[in-house]
Amino acid sequence: MLIEAGHYALALALALSLVQMVMPVWAARAGDAGLRDVTSAAALAACLCVAAAFGALTWAHVVSDFSVQNVVENSHSMKPMIYKISGVWGNHEGSMLLWVLILVLFGAVVALARKSVPATLRANTLGVQGSVTFVFLLFILTTSNPFARLSPAPMEGRDLNPILQDPGLAIHPPLLYLGYVGFSITFAFAVAALIEGRIDAAWARAVRPWTLVAWCFLTVGIAMGSYWAYYELGWGGWWFWDPVENASLMPWLAGTALVHSTVVMEKRDALKVWTVLLAILTFSLSLLGTFLVRSGVLTSVHTFATDPARGTFILGILILFIGGSFALYAWRAPMLRQGGLFAPISREGALVLNNLFLSAACATVFVGTLYPLALESLTGEKISVGAPFFNLTFVPLVVPLLLLVPFGQTLAWKRGDLAAAGQRLLAALGLGLVVGLAVAAATWGGPVAAPLGIGLGAYLVLGAALEIATRARGRTVGLSLRRAAGLPRSAWGTAFAHAGVGITVLGIAAQAWSVESLATVSRGGTLRAGPYVATLDGVLPRTGPNYTETVARLTIRDRDGGIVGHIEPGRRFYSARNMAVSEAGLLTLGASQVYASVGESGSDGSLGLRLYYKPLVLLIWIGAVVMALGGGLSLTDRRFRVGVPAVRARAPAEAAMKPVPAE
């Protein structure tokens with residue numbers, strides 16, 4: 001009965017989202033504020049209905065209700081509880097329901113944000129968001145019903161894909177979806193503003209917190225997925241330029257540009273056309289990622305669905321929202337009034353250059369990801385675009401972008417002094433160069449570009465610290481500390497985010513000194529990787545709740561023979577799926593790791609062993625967390641807690657739009 005109630009709740013949410021979509025248009029035509037308020041009520045009710053449906057599906061997984069097809073295909077009575085719950089979104093139907101749940105949760109928050117968003121803008125935004133909700137609920141109910149029953153019900157389920165039975169995959173999809181779907185709100189704000197005809201600094205202030213929230217979650221989600229692939233798939237890499245990985249990177253790059261663009265718009269009432277375009281483009285790329293994962297056009301460990309009907313439906317969604325929003329943009333954008341002016345050498349100018357580099361980098365990833373698909377569909381020819389292409393196209397765009405980051409922070413608003421900014425950054429530049437040269441000297445004969453990467457990472461971290469130190473500088477240490485404590489939280493957040501980028505660059509550059517060893521080892525045998533030696537002490541059998549496991553116990557010693565730790569890589573066999581997966585063993589030594597994975601066993605008791613030494617590898621993900629924390633710290637700034645000024649909110653729409661004079 002609970003399952004039928006969940007199905008009914010989804011159908012009711014579909015009807016409520018239709019009300020949410022239609023009411024703002026009706027209210028505008030009738031001039032009735034009461035009808036406009038119905039939009040918020042419909043958004044809240046739709047959120048409750050989808051939450052109820054998601055709760056019903058979760059309960060079915062928790063109690064192993066094998067009369068539900070989704071539970072049969074993705075669960076098992078012996079599976080640990082954490083994976084019974086994560087199994088709800090470890091499949092196509094459940095993940096789409098989670099996608100819509102996050103969508104309506106964001107809509108409910110907007111509906112409750114009465115003081116921070118003007119009433120008309122809020123209603124139009126909810127109307128646009130309601131249209132997205134309606135279409136995705138229609139997709140779920142017609143092609144991806146998570147509540148389909150089986151009769152007769154089997155006694156046992158088929159279990160969840162073993163590679164998804166991992167804590168990282170329990171939290172990675174929700175984090176990623178909070179980023180993907182969060183950008184739907186910025187998209188809805190952009191389309192609503194185009195419809196209303198008001199795009200100004202007040203709009204930028206209203207939309208910027210939502211952009212930051214989505215960006216923070218997407219940053220952590222991508223980092224979590226990268227770390228999962230690193231330790232779960234047994235290959236020891238942190239990024240493979242997999243097309244589905246690229247599908248999450250593209251909205252992150254566009255979203256990063258959008259975060260910076262909204263700053264310029266809020267400060268100078270400028271870049272209106274570009275900011276709205278970025279808001280549309282970022283969510284469009286999020287939809288593209290959804291299509292790639294669920295259409296069956298890609299084969300990847302990340303993909304869920306291979307049903308062509310579903311892919312066709314999602315392709316229709318892409319055409320509807322991407323095509324419709326760009327058509328609206330083409331109609332309304334030429335009517336936007338020009339905003340404030342600024343000199344090319346200014347903080348605004350640096351942010352514009354930042355946007356150009358980020359957009360170009362996003363374009364290279366887009367081409368490298370979709371060109372093989374387009375070529376295969378048109379000619380039948382299959383090609384592979386991998387790391388060599390992206391290293392030659394993406395990296396040359398990112399390096400000058402990173403060099404620009406500290407300069408942009410030191411330039412003044414509206415009109416800056418490039419020479420003065422260079423003088424202020426001289427210490428960071430000098431120290432970064434010294435660090436790079438010192439690393440090059442210490443590793444002479446090794447990788448050439450890696451010391452430059454280390455120097456670049458140090459420059460970014462030092463530049464972020466120098467920005468805070470410069471703004472807080474006083475005659476005494478005590479005065480400087482008081483000034484630093486009094487700086488806006490957004491200034492601290494920006495410094496943390498930029499320092500996080502530098503930390504990640506340090507971790508990436510250090511992987512040039514990674515060492516990999518591969519051998520077949522018998523009991524008591526050893527294998528060296530870098531400064532560490534692994535000794536195979538023995539192979540042990542273990543039994544888990546829904547798997548059996550063969551574990552290799554390894555003792556790790558340093559160059560002097562001292563024991564630094566033990567690790568236990570293994571191979572697990574899941575009988576329900578008849579599938580074996582590797583479980584890497586990790587020993588963390590500061591920010592570095594010793595990483596081991598095992599292969600097949602020989603008839604003589606020997607074991608295939610792969611051993612890595614990964615210097616400073618954890619900095620890659622620590623930097624991403626610091627970036628997200630910086631964004632979160634910026635969100636606590638008082639400016640984000642204060643509503644849009646009433647005078648601006650009441651300004652007539654015509655003040656923000658008028659025809660562009662003919663040349």
# chains A, B, ... in the order shown; residues from 1 in each chain; ligands from 1

$ residues_around --residues "Gly570 of chain A" --least-positions-apart "6" --cutoff "9 Å" --atoms "only C-alpha atoms" --output "list in words"
Val539, Glu549, Thr550, Val551, Ala552, Arg553, Val581, Ser582, Glu583, Ala584, Gly585, Ser597, Val598 and Gly599 of chain A

$ closest_atom_pairs --of "segment 305-359 of chain A" --to "segment 133-139 of chain A" --cutoff "9 Å" --atoms "only C-alpha atoms" --output "CSV"
residue,atom,partner,partner_atom,distance
A:Arg310,CA,A:Phe139,CA,7.9
A:Phe313,CA,A:Phe139,CA,7.0
A:Ile314,CA,A:Phe139,CA,7.9
A:Ile317,CA,A:Val135,CA,7.4

$ closest_residue --among "A:Ile322, A:Ala270, A:Ala206, A:Phe573" --to "Lys115 of chain A" --atoms "only C-alpha atoms"
A:Ala206

$ residues_around --residues "Gly446 of chain A" --least-positions-apart "5" --cutoff "9 Å" --atoms "only C-alpha atoms" --output "mmCIF file with N, CA and C atoms, in the first residue's frame"
data_model
loop_
_atom_site.group_PDB
_atom_site.id
_atom_site.type_symbol
_atom_site.label_atom_id
_atom_site.label_comp_id
_atom_site.auth_asym_id
_atom_site.auth_seq_id
_atom_site.Cartn_x
_atom_site.Cartn_y
_atom_site.Cartn_z
ATOM 1 N N ALA A 440 63.091 21.756 -8.627
ATOM 2 C CA ALA A 440 63.794 21.325 -9.839
ATOM 3 C C ALA A 440 65.210 20.875 -9.517
ATOM 4 N N ALA A 512 53.680 13.743 -10.806
ATOM 5 C CA ALA A 512 54.731 13.451 -11.775
ATOM 6 C C ALA A 512 55.799 12.554 -11.156
ATOM 7 N N TRP A 513 55.901 12.538 -9.831
ATOM 8 C CA TRP A 513 56.899 11.707 -9.143
ATOM 9 C C TRP A 513 56.278 10.431 -8.574
#

$ atom_distance --atom1 "atom CA of Leu112 of chain A" --atom2 "atom CA of Leu212 of chain A"
18.5 Å

$ closest_residue --among "A:Met96, A:Ala491, A:Met155, A:Leu540" --to "Leu607 of chain A" --atoms "only C-alpha atoms"
A:Leu540

$ residues_around --residues "Trp26 of chain A" --least-positions-apart "2" --cutoff "12 Å" --atoms "only C-alpha atoms" --output "tab-separated table (two decimals) with C-alpha atoms, in the first residue's frame"
chain	number	residue	atom	x	y	z
A	19	VAL	CA	-0.03	24.56	-11.32
A	20	GLN	CA	3.33	26.00	-10.27
A	21	MET	CA	4.23	26.52	-13.94
A	22	VAL	CA	0.94	28.11	-15.02
A	23	MET	CA	0.07	30.38	-12.08
A	24	PRO	CA	2.71	33.12	-12.64
A	28	ALA	CA	0.51	38.42	-14.70
A	29	ARG	CA	-2.36	38.48	-17.17
A	30	ALA	CA	-5.00	38.94	-14.47
A	31	GLY	CA	-2.94	41.35	-12.35
A	32	ASP	CA	-3.84	39.30	-9.27
A	33	ALA	CA	-1.18	39.03	-6.55
A	34	GLY	CA	-3.18	36.30	-4.85
A	35	LEU	CA	-2.79	34.01	-7.86
A	36	ARG	CA	0.92	34.74	-7.84
A	37	ASP	CA	1.15	33.55	-4.22
A	38	VAL	CA	-0.42	30.23	-5.24
A	39	THR	CA	2.87	29.50	-7.05
A	123	ALA	CA	6.97	33.77	-8.78
A	124	ASN	CA	8.43	33.74	-12.30
A	127	GLY	CA	7.18	29.04	-12.65

$ closest_residue --among "A:Phe326, A:Phe291, A:Phe106, A:Trp621" --to "Ser40 of chain A" --atoms "only C-alpha atoms"
A:Phe106

$ closest_residue --among "A:Ala170, A:Ala279, A:Leu536, A:Ala327" --to "Met224 of chain A" --atoms "only C-alpha atoms"
A:Ala170

$ residues_around --residues "segment 285-288 of chain A" --least-positions-apart "2" --cutoff "8 Å" --atoms "only C-alpha atoms" --output "count of residues only"
14

$ residues_around --residues "segment 524-535 of chain A" --least-positions-apart "6" --cutoff "8 Å" --atoms "only C-alpha atoms" --output "count of residues only"
15

$ closest_residue --among "A:Val213, A:Cys49, A:Val110, A:Ile3" --to "Gly182 of chain A" --atoms "only C-alpha atoms"
A:Val213

$ residues_around --residues "segment 156-167 of chain A" --least-positions-apart "6" --cutoff "9 Å" --atoms "only C-alpha atoms" --output "ChimeraX atom specification"
/A:64,66,71-79,82-84,86-87,90-91,228,232-233,301,546,572-574,576-577,579-582

$ write_last_selection --atoms "N, CA and C atoms" --output "tab-separated table (two decimals), in the first residue's frame"
chain	number	residue	atom	x	y	z
A	64	SER	N	13.57	-4.48	2.30
A	64	SER	CA	13.75	-5.49	1.24
A	64	SER	C	12.41	-6.00	0.72
A	66	PHE	N	10.65	-7.16	-1.98
A	66	PHE	CA	10.99	-7.69	-3.30
A	66	PHE	C	9.79	-7.81	-4.22
A	71	VAL	N	13.66	-2.66	-6.22
A	71	VAL	CA	14.35	-3.28	-5.08
A	71	VAL	C	14.97	-4.60	-5.49
A	72	VAL	N	14.25	-5.39	-6.26
A	72	VAL	CA	14.77	-6.69	-6.72
A	72	VAL	C	16.06	-6.50	-7.52
A	73	GLU	N	16.08	-5.53	-8.40
A	73	GLU	CA	17.22	-5.35	-9.31
A	73	GLU	C	18.42	-4.68	-8.63
A	74	ASN	N	18.21	-4.08	-7.46
A	74	ASN	CA	19.29	-3.28	-6.87
A	74	ASN	C	19.50	-3.52	-5.39
A	75	SER	N	18.96	-4.59	-4.85
A	75	SER	CA	19.13	-4.82	-3.43
A	75	SER	C	19.22	-6.31	-3.14
A	76	HIS	N	19.51	-6.61	-1.87
A	76	HIS	CA	19.67	-7.98	-1.40
A	76	HIS	C	19.43	-7.95	0.10
A	77	SER	N	18.81	-8.98	0.63
A	77	SER	CA	18.45	-8.97	2.04
A	77	SER	C	19.67	-8.94	2.95
A	78	MET	N	20.82	-9.46	2.47
A	78	MET	CA	22.03	-9.50	3.29
A	78	MET	C	22.91	-8.27	3.13
A	79	LYS	N	22.51	-7.35	2.32
A	79	LYS	CA	23.33	-6.16	2.06
A	79	LYS	C	23.33	-5.25	3.28
A	82	ILE	N	23.63	0.64	5.07
A	82	ILE	CA	24.05	1.86	4.37
A	82	ILE	C	23.91	1.69	2.86
A	83	TYR	N	24.15	0.46	2.36
A	83	TYR	CA	24.06	0.24	0.92
A	83	TYR	C	22.63	-0.06	0.48
A	84	LYS	N	21.79	-0.50	1.42
A	84	LYS	CA	20.36	-0.58	1.10
A	84	LYS	C	19.81	0.82	0.84
A	86	SER	N	21.72	3.63	0.07
A	86	SER	CA	22.36	4.22	-1.12
A	86	SER	C	21.92	3.52	-2.40
A	87	GLY	N	21.43	2.28	-2.27
A	87	GLY	CA	20.90	1.59	-3.44
A	87	GLY	C	19.67	2.25	-4.02
A	90	GLY	N	21.32	4.26	-6.49
A	90	GLY	CA	22.36	3.57	-7.23
A	90	GLY	C	21.85	2.92	-8.49
A	91	ASN	N	20.78	3.46	-9.06
A	91	ASN	CA	20.17	2.92	-10.28
A	91	ASN	C	19.50	4.06	-11.01
A	228	TRP	N	36.72	8.34	-5.21
A	228	TRP	CA	36.14	7.00	-5.31
A	228	TRP	C	36.78	6.22	-6.46
A	232	GLU	N	38.71	2.83	-5.68
A	232	GLU	CA	37.81	1.70	-5.88
A	232	GLU	C	38.10	0.92	-7.15
A	233	LEU	N	38.50	1.60	-8.21
A	233	LEU	CA	38.68	0.92	-9.48
A	233	LEU	C	40.04	0.25	-9.61
A	301	VAL	N	31.64	3.24	-16.27
A	301	VAL	CA	31.27	2.77	-14.93
A	301	VAL	C	30.32	3.75	-14.27
A	546	ASN	N	27.54	-9.97	2.38
A	546	ASN	CA	27.01	-10.47	1.10
A	546	ASN	C	28.13	-10.73	0.10
A	572	ARG	N	37.01	-9.04	-3.74
A	572	ARG	CA	35.74	-9.50	-3.19
A	572	ARG	C	34.91	-10.14	-4.29
A	573	PHE	N	34.21	-11.23	-3.90
A	573	PHE	CA	33.34	-11.91	-4.84
A	573	PHE	C	31.91	-11.85	-4.32
A	574	TYR	N	31.02	-11.26	-5.12
A	574	TYR	CA	29.61	-11.12	-4.77
A	574	TYR	C	28.84	-12.19	-5.53
A	576	ALA	N	25.67	-13.05	-5.55
A	576	ALA	CA	24.38	-12.69	-6.14
A	576	ALA	C	24.56	-12.10	-7.53
A	577	ARG	N	25.61	-11.34	-7.73
A	577	ARG	CA	25.91	-10.74	-9.04
A	577	ARG	C	26.91	-11.56	-9.84
A	579	MET	N	30.12	-11.56	-9.50
A	579	MET	CA	31.03	-10.50	-9.93
A	579	MET	C	32.11	-10.28	-8.87
A	580	ALA	N	33.35	-10.14	-9.32
A	580	ALA	CA	34.48	-9.88	-8.43
A	580	ALA	C	34.98	-8.45	-8.64
A	581	VAL	N	35.35	-7.79	-7.54
A	581	VAL	CA	35.90	-6.43	-7.62
A	581	VAL	C	37.13	-6.35	-6.73
A	582	SER	N	38.04	-5.47	-7.10
A	582	SER	CA	39.24	-5.24	-6.32
A	582	SER	C	38.97	-4.20	-5.24

$ decode --residues "segment 360-454 of chain A" --atoms "C-alpha atoms" --output "PDB file, in the first residue's frame"
ATOM      1  CA  ALA A 360      37.532  28.521 -23.696  1.00  0.00           C
ATOM      2  CA  ALA A 361      38.599  25.678 -21.380  1.00  0.00           C
ATOM      3  CA  CYS A 362      34.985  24.516 -21.137  1.00  0.00           C
ATOM      4  CA  ALA A 363      34.725  24.613 -24.935  1.00  0.00           C
ATOM      5  CA  THR A 364      37.783  22.382 -25.350  1.00  0.00           C
ATOM      6  CA  VAL A 365      36.318  19.802 -22.957  1.00  0.00           C
ATOM      7  CA  PHE A 366      32.989  20.028 -24.806  1.00  0.00           C
ATOM      8  CA  VAL A 367      34.618  19.395 -28.187  1.00  0.00           C
ATOM      9  CA  GLY A 368      36.837  16.601 -26.904  1.00  0.00           C
ATOM     10  CA  THR A 369      33.884  14.872 -25.256  1.00  0.00           C
ATOM     11  CA  LEU A 370      31.229  15.171 -27.963  1.00  0.00           C
ATOM     12  CA  TYR A 371      33.289  15.064 -31.152  1.00  0.00           C
ATOM     13  CA  PRO A 372      33.813  11.263 -31.020  1.00  0.00           C
ATOM     14  CA  LEU A 373      30.069  10.762 -30.454  1.00  0.00           C
ATOM     15  CA  ALA A 374      29.146  13.077 -33.320  1.00  0.00           C
ATOM     16  CA  LEU A 375      31.701  11.453 -35.652  1.00  0.00           C
ATOM     17  CA  GLU A 376      30.434   7.965 -34.860  1.00  0.00           C
ATOM     18  CA  SER A 377      26.787   8.931 -35.384  1.00  0.00           C
ATOM     19  CA  LEU A 378      27.543  10.611 -38.740  1.00  0.00           C
ATOM     20  CA  THR A 379      30.154   8.288 -40.242  1.00  0.00           C
ATOM     21  CA  GLY A 380      30.197   5.164 -38.071  1.00  0.00           C
ATOM     22  CA  GLU A 381      33.905   5.722 -37.413  1.00  0.00           C
ATOM     23  CA  LYS A 382      35.011   5.237 -33.811  1.00  0.00           C
ATOM     24  CA  ILE A 383      37.824   7.298 -32.342  1.00  0.00           C
ATOM     25  CA  SER A 384      39.049   7.849 -28.796  1.00  0.00           C
ATOM     26  CA  VAL A 385      39.894  11.292 -27.397  1.00  0.00           C
ATOM     27  CA  GLY A 386      41.900  11.002 -24.206  1.00  0.00           C
ATOM     28  CA  ALA A 387      44.543  12.615 -22.055  1.00  0.00           C
ATOM     29  CA  PRO A 388      46.955  13.675 -24.868  1.00  0.00           C
ATOM     30  CA  PHE A 389      44.278  15.853 -26.496  1.00  0.00           C
ATOM     31  CA  PHE A 390      43.194  17.477 -23.236  1.00  0.00           C
ATOM     32  CA  ASN A 391      46.774  17.988 -22.053  1.00  0.00           C
ATOM     33  CA  LEU A 392      47.545  19.873 -25.275  1.00  0.00           C
ATOM     34  CA  THR A 393      44.374  21.983 -25.324  1.00  0.00           C
ATOM     35  CA  PHE A 394      43.052  22.325 -21.771  1.00  0.00           C
ATOM     36  CA  VAL A 395      46.292  22.820 -19.838  1.00  0.00           C
ATOM     37  CA  PRO A 396      47.610  25.767 -21.945  1.00  0.00           C
ATOM     38  CA  LEU A 397      44.371  27.615 -21.169  1.00  0.00           C
ATOM     39  CA  VAL A 398      44.370  26.844 -17.459  1.00  0.00           C
ATOM     40  CA  VAL A 399      47.974  27.863 -16.731  1.00  0.00           C
ATOM     41  CA  PRO A 400      47.588  31.556 -17.738  1.00  0.00           C
ATOM     42  CA  LEU A 401      44.214  31.582 -15.953  1.00  0.00           C
ATOM     43  CA  LEU A 402      45.911  30.493 -12.726  1.00  0.00           C
ATOM     44  CA  LEU A 403      48.664  33.079 -13.179  1.00  0.00           C
ATOM     45  CA  LEU A 404      45.949  35.721 -13.508  1.00  0.00           C
ATOM     46  CA  VAL A 405      44.046  34.799 -10.318  1.00  0.00           C
ATOM     47  CA  PRO A 406      46.205  36.655  -7.734  1.00  0.00           C
ATOM     48  CA  PHE A 407      46.602  39.654 -10.054  1.00  0.00           C
ATOM     49  CA  GLY A 408      42.848  40.059 -10.290  1.00  0.00           C
ATOM     50  CA  GLN A 409      42.554  40.130  -6.514  1.00  0.00           C
ATOM     51  CA  THR A 410      45.142  42.902  -6.130  1.00  0.00           C
ATOM     52  CA  LEU A 411      43.673  45.225  -8.786  1.00  0.00           C
ATOM     53  CA  ALA A 412      41.269  47.975  -7.717  1.00  0.00           C
ATOM     54  CA  TRP A 413      37.648  48.082  -8.848  1.00  0.00           C
ATOM     55  CA  LYS A 414      36.775  50.208 -11.895  1.00  0.00           C
ATOM     56  CA  ARG A 415      40.360  51.338 -12.602  1.00  0.00           C
ATOM     57  CA  GLY A 416      43.494  49.571 -11.420  1.00  0.00           C
ATOM     58  CA  ASP A 417      47.252  49.971 -11.581  1.00  0.00           C
ATOM     59  CA  LEU A 418      48.953  46.945 -13.125  1.00  0.00           C
ATOM     60  CA  ALA A 419      52.435  47.993 -12.000  1.00  0.00           C
ATOM     61  CA  ALA A 420      51.306  48.499  -8.402  1.00  0.00           C
ATOM     62  CA  ALA A 421      49.538  45.130  -8.434  1.00  0.00           C
ATOM     63  CA  GLY A 422      52.723  43.500  -9.707  1.00  0.00           C
ATOM     64  CA  GLN A 423      54.737  45.125  -6.909  1.00  0.00           C
ATOM     65  CA  ARG A 424      52.295  43.850  -4.291  1.00  0.00           C
ATOM     66  CA  LEU A 425      52.529  40.341  -5.748  1.00  0.00           C
ATOM     67  CA  LEU A 426      56.316  40.425  -6.104  1.00  0.00           C
ATOM     68  CA  ALA A 427      56.829  38.474  -2.881  1.00  0.00           C
ATOM     69  CA  ALA A 428      54.392  35.712  -3.933  1.00  0.00           C
ATOM     70  CA  LEU A 429      55.916  35.552  -7.419  1.00  0.00           C
ATOM     71  CA  GLY A 430      59.447  35.426  -6.022  1.00  0.00           C
ATOM     72  CA  LEU A 431      58.682  32.776  -3.414  1.00  0.00           C
ATOM     73  CA  GLY A 432      56.772  30.676  -5.954  1.00  0.00           C
ATOM     74  CA  LEU A 433      59.745  30.864  -8.317  1.00  0.00           C
ATOM     75  CA  VAL A 434      62.153  29.933  -5.524  1.00  0.00           C
ATOM     76  CA  VAL A 435      60.010  26.932  -4.575  1.00  0.00           C
ATOM     77  CA  GLY A 436      59.871  25.771  -8.192  1.00  0.00           C
ATOM     78  CA  LEU A 437      63.639  26.139  -8.669  1.00  0.00           C
ATOM     79  CA  ALA A 438      64.348  24.365  -5.386  1.00  0.00           C
ATOM     80  CA  VAL A 439      62.166  21.426  -6.383  1.00  0.00           C
ATOM     81  CA  ALA A 440      63.794  21.325  -9.839  1.00  0.00           C
ATOM     82  CA  ALA A 441      67.251  21.245  -8.245  1.00  0.00           C
ATOM     83  CA  ALA A 442      66.250  18.528  -5.779  1.00  0.00           C
ATOM     84  CA  THR A 443      64.767  16.355  -8.527  1.00  0.00           C
ATOM     85  CA  TRP A 444      67.284  17.124 -11.276  1.00  0.00           C
ATOM     86  CA  GLY A 445      66.933  14.734 -14.158  1.00  0.00           C
ATOM     87  CA  GLY A 446      63.265  14.089 -13.376  1.00  0.00           C
ATOM     88  CA  PRO A 447      60.101  15.642 -14.821  1.00  0.00           C
ATOM     89  CA  VAL A 448      60.599  19.099 -16.282  1.00  0.00           C
ATOM     90  CA  ALA A 449      57.133  20.646 -16.041  1.00  0.00           C
ATOM     91  CA  ALA A 450      56.293  19.338 -12.566  1.00  0.00           C
ATOM     92  CA  PRO A 451      58.560  21.797 -10.646  1.00  0.00           C
ATOM     93  CA  LEU A 452      56.849  24.618 -12.538  1.00  0.00           C
ATOM     94  CA  GLY A 453      53.506  23.227 -11.361  1.00  0.00           C
ATOM     95  CA  ILE A 454      54.759  23.144  -7.773  1.00  0.00           C
TER      96      ILE A 454
END
